[in-house]
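Undergrad: Quick one: this structure, given as structure tokens, is what I'll be asking you about.
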Amino acid sequence: MSTGALVRRAAHGCTALRRGRVRRLTPYQVFGLLFWLLMTLASWRVPPCCDAGQHAAAVEGLHSGLADAAVSPYVLAQGAVARLTGLTGWQLLRLCGPLNLLVLLSGLGRLVRVLTPRPFAPVLALAFTAVLWGTEPARGGGTLALLPLTGSLGYPSAFALGLTFWAWALTGGRARDLRRVRYVGPDGLRSPTGYAALGVLYGAVALVDPVLGVGAAAGAAAFAAGWQRDWRGPVRVRWGLLCAVAAAVVASGTHARVLPQPYERYDGLTAQCWLALLLGVPALWLRARRPGRGGDRSRCGASRWPAGGPAGDGGLGQEVRGAGRGQAVGPGGGEGLGQVRCGAGRGPGRGPAGGEAREAAWRDPLVLLFAAECLVMAGGGRRHGFGELLGLALLAPQCALAVELTAARPWPGWRRALGWATAGGACLGLLAAQAGAVVPRSVDPVGFVQPPRWPSYDWAARHIARGEPVVTDAYYAVRLLPGYGIEPTDGHDHRPRVRWLLLTRRERLPEEAVVVDWSRRTGEVLARLTRTRGVPVAARPTTRR
């Protein structure tokens, strides 16, 4: 009688090395997917408002064959998709929202993983960038705050913000040089091609959103100055190549027009961000006081630096991890000349020593990032839209707080107090300023601050052809009608082809006009002029007293 033997089935293909095991989702991937679904549905339920008409108008102009000199590559791509598929500008804004959010979430996760390998740090960073702001809702784009994100998710600034996160993550990875590289040059450095590609990425950010491009450049300088320890000639050449390629991309391409922003948009910045400053700045202060960190303690923050070995071959020095356990010995039996130590300052050794690490404690990249973005905001002024960099400035304290609160336990008393204070601040920020983004008005039990709900002008656009001017001075109509390809104008336009009027309910209808349609929500009236030689004085919008 024969007995069968249990034989393990061989795993073929890509799972052979992993023995058939399936890769599990990380905590950030799980929570990021839930956040992506939630914010996609929240943005789709909010009608277009604010600057959405300007962005849709740019797409409509390209769809109609009217090229604009100040059009970014992002808008050019949208115009190409519109011409190929026949979609309108409003539809493309809706479709680009989830794609922009995907770029945002992936870039934020990659950036936090460069700062620390702790798996829950990106989760907390996402939560803090979403709700830990202030007790007044933030305005404008360029942020991950819940309430403004519902309206600005389809804007080019959201896409540029995601590219900025990716660019900073790649810059930090090259400055720290922690990962093992398969292909390196004879001097042990990464290929210049990667630096050139990174310069193209920074140039693309500047073309899509010039204001965010300035903030991205300041952040790149902060990461390079904070983590790059070796400034040999080849290293300087690589960083110079990055700057040259970025400048060439900006000079050769067309960038979006920087629109003047009203001062009231950036009034009350303190009320919009005081929670993040109150809780995040202490975390930055703790990072600045820790000598020799260069990031998280669980990673080696030093970079390779050349030194002659015992044989004087001038090769790369060894990487010694776990410094502080005594002097390391080189391959020739002598002291390891040119060795790179992690956690310098905890023991004697040659090369980067403890005194130098203590002097460079202020070179933490998050500390430098916060200082650089604040300086750019203060120097740029609000009129030119530099208040949009508030999200980049607050990203440093929010990420620093996330890294501190994911440290290994047991926690000291001050960290427990910081954790409880952060939990209370996040709940306060959510309930006071951000909860209305995800809680519909119909089920709102408290009366949260809701996103603005502007009226739609679909009822008027179905009567007016693309490119036709409309005489109106209504606040919402002037900002939304360009998104339909309609040109709003004032009553002083005497062009013969002006034949449409859009009047509010406080304006009287002239005798030369015939009512075509009206809005049941706003009471606005669309009328057509019977005489088209010019706009008579009586047809110009006149407020009734």
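A note on labels: chains of the structure tokens are A, B, ... as shown, every chain counts residues from 1, and ligands are counted from 1 in their shown order.
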DSSP on the backbone, alpha helix (DSSP H) only: what residues of segment 379-528 of chain A does that give? Format it as an MDAnalysis selection string.

TA: chainID A and resid 379:380 390:404 413:429 458:461 475:480

Undergrad: Near segment 51-62 of chain A, within 6 Å and counting only C-alpha atoms, which residues show up once chain neighbours fewer than 5 positions away are dropped, as a list of chain:residue names?

TA: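 The filter keeps A:Ala67, A:Gly79, A:Gly89, A:Trp90, A:Arg479, A:Leu480, A:Pro482, A:Gly483, A:Gly485.
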
Undergrad: As a list in words, please: the residues near segment 371-377 of chain A (cut-off 8 Å, only C-alpha atoms, same-chain neighbours under 2 positions excluded).

TA: Val214, Gly215, Ala218, Gly219, Ala222, Val367, Leu368, Leu369, Gly379, Gly380, Gly381, Arg382, Phe386, Gly387, Leu389, Leu390, Leu392 and Ala393 of chain A

Undergrad: Give me the residues within 8 Å of Pro455 of chain A as a list in words, counting only C-alpha atoms and dropping any in the same chain fewer than 5 places off.

TA: Pro47, Tyr476, Arg521 and Thr522 of chain A

Undergrad: Please determine, counting only C-alpha atoms, which residue among A:Ala433, A:Leu115, A:Val237, A:Met39 has the shortest atom-to-atom distance to Gly151 of chain A.

TA: A:Met39

Undergrad: Of the candidates A:Ala513, A:Leu99, A:Val403, A:Ile464, which one gets nearest to Ala125 of chain A if we count only C-alpha atoms?

TA: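 For Ala125 of chain A, the nearest of the candidates is A:Val403.
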
Undergrad: Residues of segment 61-142 of chain A that approach segment 26-36 of chain A to 7 Å or less, counting only C-alpha atoms: could you list each one with the shortest pair of atoms and its distance in Å to one decimal, rows by chain and increasing residue number, as CSV?

TA:
```
residue,atom,partner,partner_atom,distance
A:Leu101,CA,A:Trp36,CA,6.8
A:Leu105,CA,A:Gly32,CA,6.7
A:Pro119,CA,A:Pro27,CA,6.7
A:Phe120,CA,A:Pro27,CA,6.5
A:Pro122,CA,A:Tyr28,CA,6.0
A:Val123,CA,A:Tyr28,CA,5.2
```

Undergrad: I need the chosen residues saved as a PDB file, in the first residue's frame, with N, CA, C and O atoms.

TA:
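As written to disk, result_8.pdb reads:
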```pdb
ATOM      1  N   LEU A 101      -7.352  64.630  -7.195  1.00  0.00           N
ATOM      2  CA  LEU A 101      -7.294  64.136  -5.817  1.00  0.00           C
ATOM      3  C   LEU A 101      -6.392  62.913  -5.708  1.00  0.00           C
ATOM      4  O   LEU A 101      -5.700  62.729  -4.700  1.00  0.00           O
ATOM      5  N   LEU A 105      -3.259  62.746  -3.112  1.00  0.00           N
ATOM      6  CA  LEU A 105      -3.117  61.741  -2.060  1.00  0.00           C
ATOM      7  C   LEU A 105      -1.840  60.926  -2.233  1.00  0.00           C
ATOM      8  O   LEU A 105      -1.136  60.634  -1.260  1.00  0.00           O
ATOM      9  N   PRO A 119       4.120  53.569   9.539  1.00  0.00           N
ATOM     10  CA  PRO A 119       3.003  53.354   8.601  1.00  0.00           C
ATOM     11  C   PRO A 119       1.797  54.251   8.839  1.00  0.00           C
ATOM     12  O   PRO A 119       1.056  54.542   7.904  1.00  0.00           O
ATOM     13  N   PHE A 120       1.589  54.703  10.078  1.00  0.00           N
ATOM     14  CA  PHE A 120       0.414  55.522  10.357  1.00  0.00           C
ATOM     15  C   PHE A 120       0.703  57.023  10.285  1.00  0.00           C
ATOM     16  O   PHE A 120      -0.211  57.825  10.485  1.00  0.00           O
ATOM     17  N   PRO A 122       1.490  58.832   7.498  1.00  0.00           N
ATOM     18  CA  PRO A 122       0.718  59.447   6.405  1.00  0.00           C
ATOM     19  C   PRO A 122      -0.766  59.569   6.704  1.00  0.00           C
ATOM     20  O   PRO A 122      -1.423  60.507   6.241  1.00  0.00           O
ATOM     21  N   VAL A 123      -1.315  58.627   7.486  1.00  0.00           N
ATOM     22  CA  VAL A 123      -2.735  58.704   7.836  1.00  0.00           C
ATOM     23  C   VAL A 123      -3.007  59.940   8.679  1.00  0.00           C
ATOM     24  O   VAL A 123      -3.954  60.702   8.429  1.00  0.00           O
TER      25      VAL A 123
END
```

Undergrad: List as a list in words the protein and nucleic acid residues near Ala402 of chain A, meaning an atom at most 8 Å away when only C-alpha atoms are counted, but skip any in the same chain fewer than 2 places from it.

TA: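 Listed by chain and then number, they are Ala121, Pro122, Leu124, Ala125, Phe128, Gln398, Cys399, Ala400, Glu404, Leu405 and Thr406 of chain A.
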
Undergrad: Write out, as a tab-separated table (two decimals), in the first residue's frame, the residues just selected, with N, CA, C and O atoms.

TA:
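Listing of again_35.tsv after writing:
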```tsv
chain	number	residue	atom	x	y	z
A	121	ALA	N	1.94	57.40	10.02
A	121	ALA	CA	2.25	58.83	9.88
A	121	ALA	C	1.54	59.46	8.69
A	121	ALA	O	0.99	60.57	8.82
A	122	PRO	N	1.49	58.83	7.50
A	122	PRO	CA	0.72	59.45	6.41
A	122	PRO	C	-0.77	59.57	6.70
A	122	PRO	O	-1.42	60.51	6.24
A	124	LEU	N	-2.18	60.15	9.71
A	124	LEU	CA	-2.36	61.34	10.54
A	124	LEU	C	-2.08	62.62	9.76
A	124	LEU	O	-2.75	63.64	9.98
A	125	ALA	N	-1.09	62.58	8.88
A	125	ALA	CA	-0.81	63.77	8.07
A	125	ALA	C	-2.01	64.12	7.19
A	125	ALA	O	-2.35	65.30	7.04
A	128	PHE	N	-4.66	65.66	9.50
A	128	PHE	CA	-4.34	67.01	9.96
A	128	PHE	C	-4.44	68.03	8.83
A	128	PHE	O	-4.91	69.15	9.03
A	398	GLN	N	1.96	70.50	10.23
A	398	GLN	CA	1.02	69.37	10.25
A	398	GLN	C	1.75	68.04	10.10
A	398	GLN	O	1.45	67.07	10.80
A	399	CYS	N	2.73	67.97	9.20
A	399	CYS	CA	3.51	66.73	9.04
A	399	CYS	C	4.40	66.48	10.25
A	399	CYS	O	4.57	65.32	10.66
A	400	ALA	N	4.99	67.53	10.81
A	400	ALA	CA	5.80	67.35	12.02
A	400	ALA	C	4.97	66.80	13.16
A	400	ALA	O	5.42	65.94	13.93
A	404	GLU	N	5.46	63.15	15.14
A	404	GLU	CA	5.61	63.07	16.59
A	404	GLU	C	4.59	62.13	17.22
A	404	GLU	O	4.91	61.39	18.15
A	405	LEU	N	3.37	62.13	16.72
A	405	LEU	CA	2.30	61.35	17.34
A	405	LEU	C	2.26	59.92	16.84
A	405	LEU	O	1.35	59.18	17.22
A	406	THR	N	3.18	59.51	16.00
A	406	THR	CA	3.27	58.10	15.61
A	406	THR	C	4.55	57.47	16.13
A	406	THR	O	4.95	56.40	15.64
```
